[in-house]
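A quick write-up on the structure given underneath.
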Amino acid sequence: MKYVNADMIFPKELLKEIQKYTHGSMVYIPTPEGQRKKWGENSGSRKYLSQRNETIRQQYMDGSSIDELTDRFGLSNDSIKKIIYTKI
């Protein structure tokens, strides 16, 4: 989260109203409930893991064993099993 100077984003009237309550302190303004992003959406981690898991499922269906997938992807047997057997 980065900080932004209130002078740069709020209209003068709104800034004066906010200053009545805060007196120069920092204020966190949360994102509206329906607009929050899920974990990993900003960084691309969610997309990467989804693609990796799909690759693991496909390679398993093509005949790779769980042990082979464990070595190939650096995951535990239990993690590979969870990925393979989870219903999409």
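Naming works like this for the structure tokens: A, B, ... for the chains as they're shown, residue 1 at the start of each chain, ligands 1 onward in shown order.
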Go through range 18-58 of chain A residue by residue and, counting only C-alpha atoms, keep those with an atom at most 10 Å from range 2-12 of chain A; for each kept residue give the shortest atom pair and its distance in Å to one decimal, ordered by chain and increasing number, as a Markdown table.
```
| residue | atom | partner | partner_atom | distance |
| --- | --- | --- | --- | --- |
| A:Ile18 | CA | A:Phe10 | CA | 9.6 |
| A:Met26 | CA | A:Tyr3 | CA | 9.1 |
| A:Val27 | CA | A:Tyr3 | CA | 9.8 |
| A:Tyr28 | CA | A:Tyr3 | CA | 9.3 |
```
Helix (DSSP H, G or I) residues, from DSSP on the backbone, in range 1-68 of chain A, as a PyMOL selection string: chain A and resi 6-9+12-22+33-35+45-61+66-68
Export N, CA and C atoms of the chosen residues as a short mmCIF file (atom, residue, chain, number, x, y, z; two decimals), in the first residue's frame?
```cif
data_model
loop_
_atom_site.label_atom_id
_atom_site.label_comp_id
_atom_site.auth_asym_id
_atom_site.auth_seq_id
_atom_site.Cartn_x
_atom_site.Cartn_y
_atom_site.Cartn_z
N ALA A 6 -3.20 13.82 0.64
CA ALA A 6 -4.62 14.14 0.51
C ALA A 6 -4.85 15.40 -0.32
N ASP A 7 -3.89 16.34 -0.28
CA ASP A 7 -4.02 17.56 -1.10
C ASP A 7 -4.13 17.22 -2.59
N MET A 8 -3.52 16.12 -2.98
CA MET A 8 -3.46 15.76 -4.39
C MET A 8 -4.74 15.06 -4.88
N ILE A 9 -5.53 14.48 -3.98
CA ILE A 9 -6.66 13.67 -4.46
C ILE A 9 -8.04 14.17 -4.03
N LYS A 12 -10.97 20.49 -2.13
CA LYS A 12 -10.65 21.32 -0.95
C LYS A 12 -11.72 21.23 0.13
N GLU A 13 -12.99 21.22 -0.28
CA GLU A 13 -14.08 21.17 0.70
C GLU A 13 -14.06 19.85 1.48
N LEU A 14 -13.83 18.77 0.78
CA LEU A 14 -13.77 17.47 1.45
C LEU A 14 -12.56 17.37 2.36
N LEU A 15 -11.43 17.89 1.91
CA LEU A 15 -10.21 17.87 2.72
C LEU A 15 -10.41 18.65 4.01
N LYS A 16 -11.06 19.81 3.93
CA LYS A 16 -11.33 20.60 5.14
C LYS A 16 -12.22 19.82 6.11
N GLU A 17 -13.19 19.12 5.59
CA GLU A 17 -14.09 18.32 6.43
C GLU A 17 -13.33 17.18 7.10
N ILE A 18 -12.47 16.51 6.36
CA ILE A 18 -11.68 15.42 6.93
C ILE A 18 -10.73 15.96 8.00
N GLN A 19 -10.14 17.11 7.76
CA GLN A 19 -9.21 17.70 8.72
C GLN A 19 -9.88 18.03 10.06
N LYS A 20 -11.18 18.22 10.07
CA LYS A 20 -11.90 18.45 11.32
C LYS A 20 -11.79 17.24 12.25
N TYR A 21 -11.65 16.06 11.67
CA TYR A 21 -11.66 14.82 12.45
C TYR A 21 -10.27 14.23 12.68
N THR A 22 -9.32 14.50 11.79
CA THR A 22 -8.04 13.80 11.88
C THR A 22 -6.89 14.62 12.42
N GLU A 33 -16.33 -2.84 -0.50
CA GLU A 33 -16.45 -4.29 -0.35
C GLU A 33 -16.49 -5.06 -1.68
N GLY A 34 -17.23 -4.62 -2.63
CA GLY A 34 -17.35 -5.35 -3.89
C GLY A 34 -16.16 -5.19 -4.83
N GLN A 35 -15.21 -4.33 -4.50
CA GLN A 35 -14.11 -4.03 -5.41
C GLN A 35 -12.78 -4.60 -4.97
N SER A 45 0.37 -14.04 -9.20
CA SER A 45 0.61 -15.34 -8.57
C SER A 45 -0.57 -16.29 -8.75
N ARG A 46 -1.77 -15.76 -8.65
CA ARG A 46 -2.97 -16.60 -8.80
C ARG A 46 -3.00 -17.24 -10.18
N LYS A 47 -2.72 -16.45 -11.21
CA LYS A 47 -2.73 -16.95 -12.59
C LYS A 47 -1.63 -17.99 -12.79
N TYR A 48 -0.42 -17.69 -12.26
CA TYR A 48 0.69 -18.62 -12.39
C TYR A 48 0.37 -19.97 -11.75
N LEU A 49 -0.16 -19.96 -10.52
CA LEU A 49 -0.47 -21.21 -9.83
C LEU A 49 -1.59 -21.98 -10.52
N SER A 50 -2.55 -21.26 -11.05
CA SER A 50 -3.63 -21.91 -11.78
C SER A 50 -3.10 -22.63 -13.02
N GLN A 51 -2.21 -21.97 -13.76
CA GLN A 51 -1.62 -22.59 -14.95
C GLN A 51 -0.73 -23.76 -14.57
N ARG A 52 0.06 -23.61 -13.49
CA ARG A 52 0.93 -24.70 -13.03
C ARG A 52 0.09 -25.91 -12.64
N ASN A 53 -0.99 -25.69 -11.91
CA ASN A 53 -1.84 -26.80 -11.48
C ASN A 53 -2.50 -27.49 -12.67
N GLU A 54 -2.89 -26.72 -13.66
CA GLU A 54 -3.49 -27.32 -14.86
C GLU A 54 -2.45 -28.15 -15.59
N THR A 55 -1.21 -27.70 -15.65
CA THR A 55 -0.13 -28.46 -16.28
C THR A 55 0.10 -29.76 -15.53
N ILE A 56 0.08 -29.71 -14.21
CA ILE A 56 0.26 -30.92 -13.40
C ILE A 56 -0.86 -31.91 -13.68
N ARG A 57 -2.11 -31.44 -13.71
CA ARG A 57 -3.24 -32.33 -14.00
C ARG A 57 -3.10 -32.97 -15.38
N GLN A 58 -2.72 -32.15 -16.36
CA GLN A 58 -2.60 -32.65 -17.73
C GLN A 58 -1.49 -33.69 -17.83
N GLN A 59 -0.35 -33.43 -17.21
CA GLN A 59 0.76 -34.39 -17.26
C GLN A 59 0.41 -35.68 -16.54
N TYR A 60 -0.37 -35.59 -15.48
CA TYR A 60 -0.82 -36.80 -14.78
C TYR A 60 -1.74 -37.62 -15.68
N MET A 61 -2.65 -36.92 -16.37
CA MET A 61 -3.57 -37.61 -17.27
C MET A 61 -2.82 -38.21 -18.46
N ILE A 66 2.86 -39.69 -9.83
CA ILE A 66 2.90 -38.67 -8.79
C ILE A 66 4.34 -38.39 -8.38
N ASP A 67 5.16 -39.44 -8.28
CA ASP A 67 6.57 -39.26 -7.92
C ASP A 67 7.32 -38.43 -8.98
N GLU A 68 7.03 -38.66 -10.25
CA GLU A 68 7.67 -37.88 -11.31
C GLU A 68 7.26 -36.41 -11.21
#
```
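A straight line drawn from CA of Gly44 in chain A to CA of Ser65 in chain A is 28.3 Å long.
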